[in-house]
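Working notes for the structure below.
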Amino acid sequence: MGVYEELVARGLIAQVTDEKEIRELVNNGKATFYIGFDPTADSLHVGHFMALTLMKRLQAAGNKPIALVGGGTGMIGDPSGRTDMRSMMTIEQIDHNCECFKKQMSRFIEFGEGKAMMVNNADWLRNLNFLDFMREIGPCFSVNDMLRARCYVNRMEQGLTFLEFSYMLMQGYDFYRLYKDYGCNMEFGGDDQWSNMLAGTELIRKKEGKDAYALTITLLTNKEGKKMGKTASGAVWLDPEKTSPYEFYQYWRNVDDADVIKCLKLLTFIPIEEIEEMAKWEGAELNKAKEKLAYSLTELVHGEEEAKKADSAAKAIFVGGGDSENMPKYTLKAEDFRDGSIDICGVLAVSGLAKSRSEARQNVQQGGVQVAGSKVTDIKTSYTAEDFKDGVVVQRGKKNFVKIFS
């Protein structure tokens with residue numbers, strides 16, 4: 001099975017511009033391809049995960065990845081999939097985020113001479129002369145075609161600024177520059193990027209008279225069609241300071257039964273034949289598949305040692321009692337206490353076990369909260385710093401734990 005055929009078997013491919021040519025390039029290690037990452041935060045998250053593993057698969061097959069960070073496009077913000085405009089970031093924030101990305105990407109792809117490259121589109125976008133750009137690139141784009149693009153149609157009723165409308169021209173120009181400067185012949189991206197990616201292939205064809213190719217990958221969604229990678233406390237980050245290895249492990253360990261096989265195919269490097277065997281498992285056996293998923297992905301992102309710790313801690317906790325050393329921790333601050341005490345709703349809210357006090361109140365009243373193994377049902381239950389001096393495990397529901405210290 002060639003690498004392209006494996007991508008198909010795993011369900012990774014959504015749309016392609018020319019399957020025959022793309023298969024030929026990818027299977028023979030002749031693709032110089034890029035994937036864009038806009039630096040909207042100082043860490044990559046689960047939403048980027050499939051793109052990173054795809055780059056790893058293709059590099060292993062001899063293809064050359066270009067990780068394009070959007071130091072330029074990040075100043076505008078991609079409207080795809082958005083119902084409102086992104087918050088504007090300073091140039092300092094954008095540049096800092098770009099630096100953080102390379103460190104994380106290095107866990108997946110190998111950078112260096114003749115290997116993967118990291119390129120920043122700030123190099124050509126920030127110093128563009130507007131009139132020169134519009135004269136050179138503007139005639140290549142049809143406004144009528146742009147307005148039919150899915151990324152814009154979804155925003156027309158709420159309102160679409162010209163700033164965001166120009167994003168397609170920027171992304172198309174990125175592909176053109178990468179083609180000219182680095183011989184990039186292919187762009188990969190999420191399926192919500194299809195219109196923007198076609199803009200790049202068309203621009204290259206019109207300006208150079210050459211073919212370049214685009215391939216979109218399946219979006220990582222759950223059985224309800226919603227994007228995966230969110231928890232009650234926010235995004236699941238690849239930075240261990242934002243999402244601990246234990247929390248990362250637990251996220252994947254807790255995926256729905258209906259999603260586990262799909263996640264194994266899309267995200268892991270477990271052989272497809274082994275995953276097909278797991279697809280026959282039912283009931284409690286699926287928990288073993290979830291453990292394989294959680295361990296494999298935690299090892300990819302955080303390394304073998306952290307994966308073992310997370311796996312050991314999770315198993316010990318769910319078997320009963322056990323080692324809580326590697327679970328998430330929170331140390332109460334002076335400002336968390338009022339008149340020397342903190343109620344149970346406050347404990348849940350400040351530790352991230354609940355998004356708000358109102359959600360915490362509901363959790364307690366429904367009987368889903370335990371402190372040191374004992375159920376707490378009274379929302380007025382309060383604690384002092386002394387109660388947490390040695391660390392106490394607080395649990396919400398069956399799967400969410402934090403060890404609280406003072």
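Going by the structure tokens order, chains are called A, B, ..., each with residues numbered from 1, while ligands are numbered from 1 in the order shown.
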
Excluding same-chain residues fewer than 3 positions from segment 243-252 of chain A, what lies within 8 Å of it counting only C-alpha atoms, as a VMD selection string? chain A and resid 231 236 to 240 255 290 293 to 295 297 to 298 302 306 to 307 309 to 311 313 to 314 326 to 328 399

Suppose we keep C-alpha atoms; can you now write the selection as an mmCIF file, in the first residue's frame?
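selection-v3.cif was written with the following content:
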data_model
loop_
_atom_site.group_PDB
_atom_site.id
_atom_site.type_symbol
_atom_site.label_atom_id
_atom_site.label_comp_id
_atom_site.auth_asym_id
_atom_site.auth_seq_id
_atom_site.Cartn_x
_atom_site.Cartn_y
_atom_site.Cartn_z
ATOM 1 C CA THR A 231 -13.326 20.529 27.063
ATOM 2 C CA VAL A 236 -7.014 20.916 24.352
ATOM 3 C CA TRP A 237 -3.532 22.348 23.783
ATOM 4 C CA LEU A 238 -0.297 20.633 22.790
ATOM 5 C CA ASP A 239 1.663 22.791 25.253
ATOM 6 C CA PRO A 240 1.966 20.871 28.576
ATOM 7 C CA VAL A 255 -13.859 9.961 23.575
ATOM 8 C CA LYS A 290 -9.437 4.065 23.920
ATOM 9 C CA LEU A 293 -5.585 5.892 21.374
ATOM 10 C CA ALA A 294 -4.804 7.941 24.483
ATOM 11 C CA TYR A 295 -1.368 6.411 25.000
ATOM 12 C CA LEU A 297 -1.280 10.350 21.042
ATOM 13 C CA THR A 298 0.184 11.330 24.412
ATOM 14 C CA HIS A 302 4.669 14.562 25.138
ATOM 15 C CA GLU A 306 4.907 11.310 30.117
ATOM 16 C CA ALA A 307 2.622 8.869 28.320
ATOM 17 C CA LYS A 309 2.926 8.437 33.749
ATOM 18 C CA ALA A 310 -0.470 9.523 32.429
ATOM 19 C CA ASP A 311 -1.478 5.951 31.646
ATOM 20 C CA ALA A 313 -2.164 7.552 36.908
ATOM 21 C CA ALA A 314 -5.397 7.098 34.969
ATOM 22 C CA ASN A 326 0.491 12.629 37.852
ATOM 23 C CA MET A 327 -3.046 13.979 37.774
ATOM 24 C CA PRO A 328 -3.706 17.735 37.239
ATOM 25 C CA LYS A 399 -13.657 11.199 34.660
#

Among segment 167-326 of chain A, which ones does DSSP place in helix (DSSP H, G or I), written as a PyMOL selection string? chain A and resi 167-182+191-208+245-253+260-267+272-278+285-302+304-319

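Within segment 86-228 of chain A, DSSP applied to the backbone places the following residues in strand (DSSP E): Met117, Met118, Val119, Asn120, Met186, Glu187, Phe188, Gly189, Gly190, Tyr213, Ala214, Leu215, Thr216 and Ile217 of chain A.
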
Extract, using only C-alpha atoms, all DNA, RNA and protein residues at most 9 Å from Lys262 of chain A, discarding same-chain residues fewer than 4 positions from it, and format them as an MDAnalysis selection string. chainID A and resid 10:11 258 266:267

For the contact check between segment 149-257 of chain A and segment 27-46 of chain A, emit one row per residue of segment 149-257 of chain A within 8 Å, containing the shortest atom pair and the distance in Å rounded to one decimal, counting only C-alpha atoms, chain then rising number order, as JSON lines.
{"residue": "A:Gly183", "atom": "CA", "partner": "A:Thr32", "partner_atom": "CA", "distance": 6.9}
{"residue": "A:Cys184", "atom": "CA", "partner": "A:Thr32", "partner_atom": "CA", "distance": 4.8}
{"residue": "A:Asn185", "atom": "CA", "partner": "A:Thr32", "partner_atom": "CA", "distance": 5.7}
{"residue": "A:Met186", "atom": "CA", "partner": "A:Phe33", "partner_atom": "CA", "distance": 4.5}
{"residue": "A:Glu187", "atom": "CA", "partner": "A:Tyr34", "partner_atom": "CA", "distance": 5.0}
{"residue": "A:Phe188", "atom": "CA", "partner": "A:Ile35", "partner_atom": "CA", "distance": 5.3}
{"residue": "A:Gly189", "atom": "CA", "partner": "A:Ile35", "partner_atom": "CA", "distance": 5.9}
{"residue": "A:Met228", "atom": "CA", "partner": "A:Val46", "partner_atom": "CA", "distance": 7.5}
{"residue": "A:Gly229", "atom": "CA", "partner": "A:Val46", "partner_atom": "CA", "distance": 5.1}
{"residue": "A:Ala235", "atom": "CA", "partner": "A:His45", "partner_atom": "CA", "distance": 6.9}
{"residue": "A:Val236", "atom": "CA", "partner": "A:His45", "partner_atom": "CA", "distance": 5.8}
{"residue": "A:Trp237", "atom": "CA", "partner": "A:His45", "partner_atom": "CA", "distance": 4.1}
{"residue": "A:Leu238", "atom": "CA", "partner": "A:His45", "partner_atom": "CA", "distance": 5.2}
{"residue": "A:Asp239", "atom": "CA", "partner": "A:Ser43", "partner_atom": "CA", "distance": 5.8}

With N, CA and C atoms retained, could you export that selection as an mmCIF file, in the first residue's frame?
data_model
loop_
_atom_site.group_PDB
_atom_site.id
_atom_site.type_symbol
_atom_site.label_atom_id
_atom_site.label_comp_id
_atom_site.auth_asym_id
_atom_site.auth_seq_id
_atom_site.Cartn_x
_atom_site.Cartn_y
_atom_site.Cartn_z
ATOM 1 N N GLY A 183 9.702 25.953 -4.930
ATOM 2 C CA GLY A 183 9.274 24.811 -5.743
ATOM 3 C C GLY A 183 8.123 24.038 -5.148
ATOM 4 N N CYS A 184 7.326 24.680 -4.311
ATOM 5 C CA CYS A 184 6.186 24.016 -3.661
ATOM 6 C C CYS A 184 5.117 23.707 -4.711
ATOM 7 N N ASN A 185 4.730 22.438 -4.816
ATOM 8 C CA ASN A 185 3.766 22.056 -5.843
ATOM 9 C C ASN A 185 2.428 21.567 -5.300
ATOM 10 N N MET A 186 2.258 21.636 -3.981
ATOM 11 C CA MET A 186 1.033 21.101 -3.402
ATOM 12 C C MET A 186 0.707 21.798 -2.082
ATOM 13 N N GLU A 187 -0.581 22.028 -1.867
ATOM 14 C CA GLU A 187 -1.037 22.587 -0.590
ATOM 15 C C GLU A 187 -1.996 21.603 0.066
ATOM 16 N N PHE A 188 -1.802 21.395 1.363
ATOM 17 C CA PHE A 188 -2.711 20.586 2.163
ATOM 18 C C PHE A 188 -3.394 21.496 3.183
ATOM 19 N N GLY A 189 -4.617 21.161 3.530
ATOM 20 C CA GLY A 189 -5.312 21.957 4.539
ATOM 21 C C GLY A 189 -6.611 21.304 4.936
ATOM 22 N N MET A 228 -13.706 18.364 17.317
ATOM 23 C CA MET A 228 -13.166 17.815 18.548
ATOM 24 C C MET A 228 -12.024 18.692 19.047
ATOM 25 N N GLY A 229 -11.709 18.549 20.340
ATOM 26 C CA GLY A 229 -10.590 19.288 20.897
ATOM 27 C C GLY A 229 -10.984 20.332 21.906
ATOM 28 N N ALA A 235 -9.862 24.818 25.100
ATOM 29 C CA ALA A 235 -9.214 23.996 24.082
ATOM 30 C C ALA A 235 -8.247 22.995 24.701
ATOM 31 N N VAL A 236 -8.029 21.897 23.976
ATOM 32 C CA VAL A 236 -7.014 20.916 24.352
ATOM 33 C C VAL A 236 -5.736 21.296 23.610
ATOM 34 N N TRP A 237 -4.761 21.810 24.365
ATOM 35 C CA TRP A 237 -3.532 22.348 23.783
ATOM 36 C C TRP A 237 -2.436 21.289 23.721
ATOM 37 N N LEU A 238 -1.458 21.521 22.855
ATOM 38 C CA LEU A 238 -0.297 20.633 22.790
ATOM 39 C C LEU A 238 0.802 21.069 23.747
ATOM 40 N N ASP A 239 0.710 22.272 24.269
ATOM 41 C CA ASP A 239 1.663 22.791 25.253
ATOM 42 C C ASP A 239 1.325 22.210 26.624
#

With only C-alpha atoms as the counted atoms, please give the residues lying no more than 9 Å from Leu348 of chain A, apart from itself and same-chain residues fewer than 6 positions off, as a list in words.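 Contacts, in chain order: Ala354, Lys355, Ser356, Arg357, Ala360, Val369, Val394, Gln395 and Arg396 of chain A.
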
Looking at only C-alpha atoms, which of A:Asp132, A:Glu325, A:Asp191, A:Asp257 is the one that sits closest to Glu291 of chain A?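 Counting only C-alpha atoms, the residue closest to Glu291 of chain A is A:Asp257.
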
Select from segment 290-353 of chain A every residue with an atom at most 10 Å from any atom of segment 104-113 of chain A, then for each give the shortest pair of atoms and their distance in Å to one decimal, using only C-alpha atoms, rows by chain and rising number, as CSV.
residue,atom,partner,partner_atom,distance
A:Leu300,CA,A:Arg107,CA,7.5
A:Val301,CA,A:Arg107,CA,6.8
A:His302,CA,A:Arg107,CA,8.5
A:Gly303,CA,A:Arg107,CA,8.9

Mind dumping the selected residues with N, CA and C atoms as an mmCIF file, in the first residue's frame?
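Listing of again.cif after writing:
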data_model
loop_
_atom_site.group_PDB
_atom_site.id
_atom_site.type_symbol
_atom_site.label_atom_id
_atom_site.label_comp_id
_atom_site.auth_asym_id
_atom_site.auth_seq_id
_atom_site.Cartn_x
_atom_site.Cartn_y
_atom_site.Cartn_z
ATOM 1 N N LEU A 300 3.110 10.684 21.261
ATOM 2 C CA LEU A 300 3.479 11.514 20.120
ATOM 3 C C LEU A 300 3.759 12.950 20.535
ATOM 4 N N VAL A 301 2.891 13.489 21.383
ATOM 5 C CA VAL A 301 2.974 14.913 21.750
ATOM 6 C C VAL A 301 3.935 15.165 22.896
ATOM 7 N N HIS A 302 3.928 14.293 23.905
ATOM 8 C CA HIS A 302 4.669 14.562 25.138
ATOM 9 C C HIS A 302 5.813 13.588 25.420
ATOM 10 N N GLY A 303 5.945 12.545 24.615
ATOM 11 C CA GLY A 303 7.034 11.598 24.808
ATOM 12 C C GLY A 303 6.610 10.377 25.604
#

Excluding Thr218 of chain A and residues on its chain fewer than 6 positions from it, collect all residues at most 7 Å away from it, counting only C-alpha atoms, and give them as a PyMOL selection string. chain A and resi 12-14+190-191

So that I can check the surroundings of Lys329 of chain A, please list as a list in words every protein, DNA and RNA residue that reaches within 8 Å of it, counting only C-alpha atoms and ignoring chain neighbours fewer than 4 positions away. Val402, Lys403, Ile404 and Phe405 of chain A

Write out the residues from the selection above, keeping N, CA and C atoms, as a tab-separated table (two decimals), in the first residue's frame.
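What follows is the written file selection20.tsv:
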chain	number	residue	atom	x	y	z
A	402	VAL	N	-8.87	16.66	39.95
A	402	VAL	CA	-7.80	17.62	40.19
A	402	VAL	C	-7.35	17.44	41.63
A	403	LYS	N	-6.04	17.46	41.85
A	403	LYS	CA	-5.51	17.39	43.22
A	403	LYS	C	-5.29	18.81	43.69
A	404	ILE	N	-6.01	19.20	44.74
A	404	ILE	CA	-6.00	20.59	45.22
A	404	ILE	C	-5.05	20.71	46.40
A	405	PHE	N	-4.19	21.75	46.34
A	405	PHE	CA	-3.29	22.06	47.44
A	405	PHE	C	-3.56	23.50	47.92
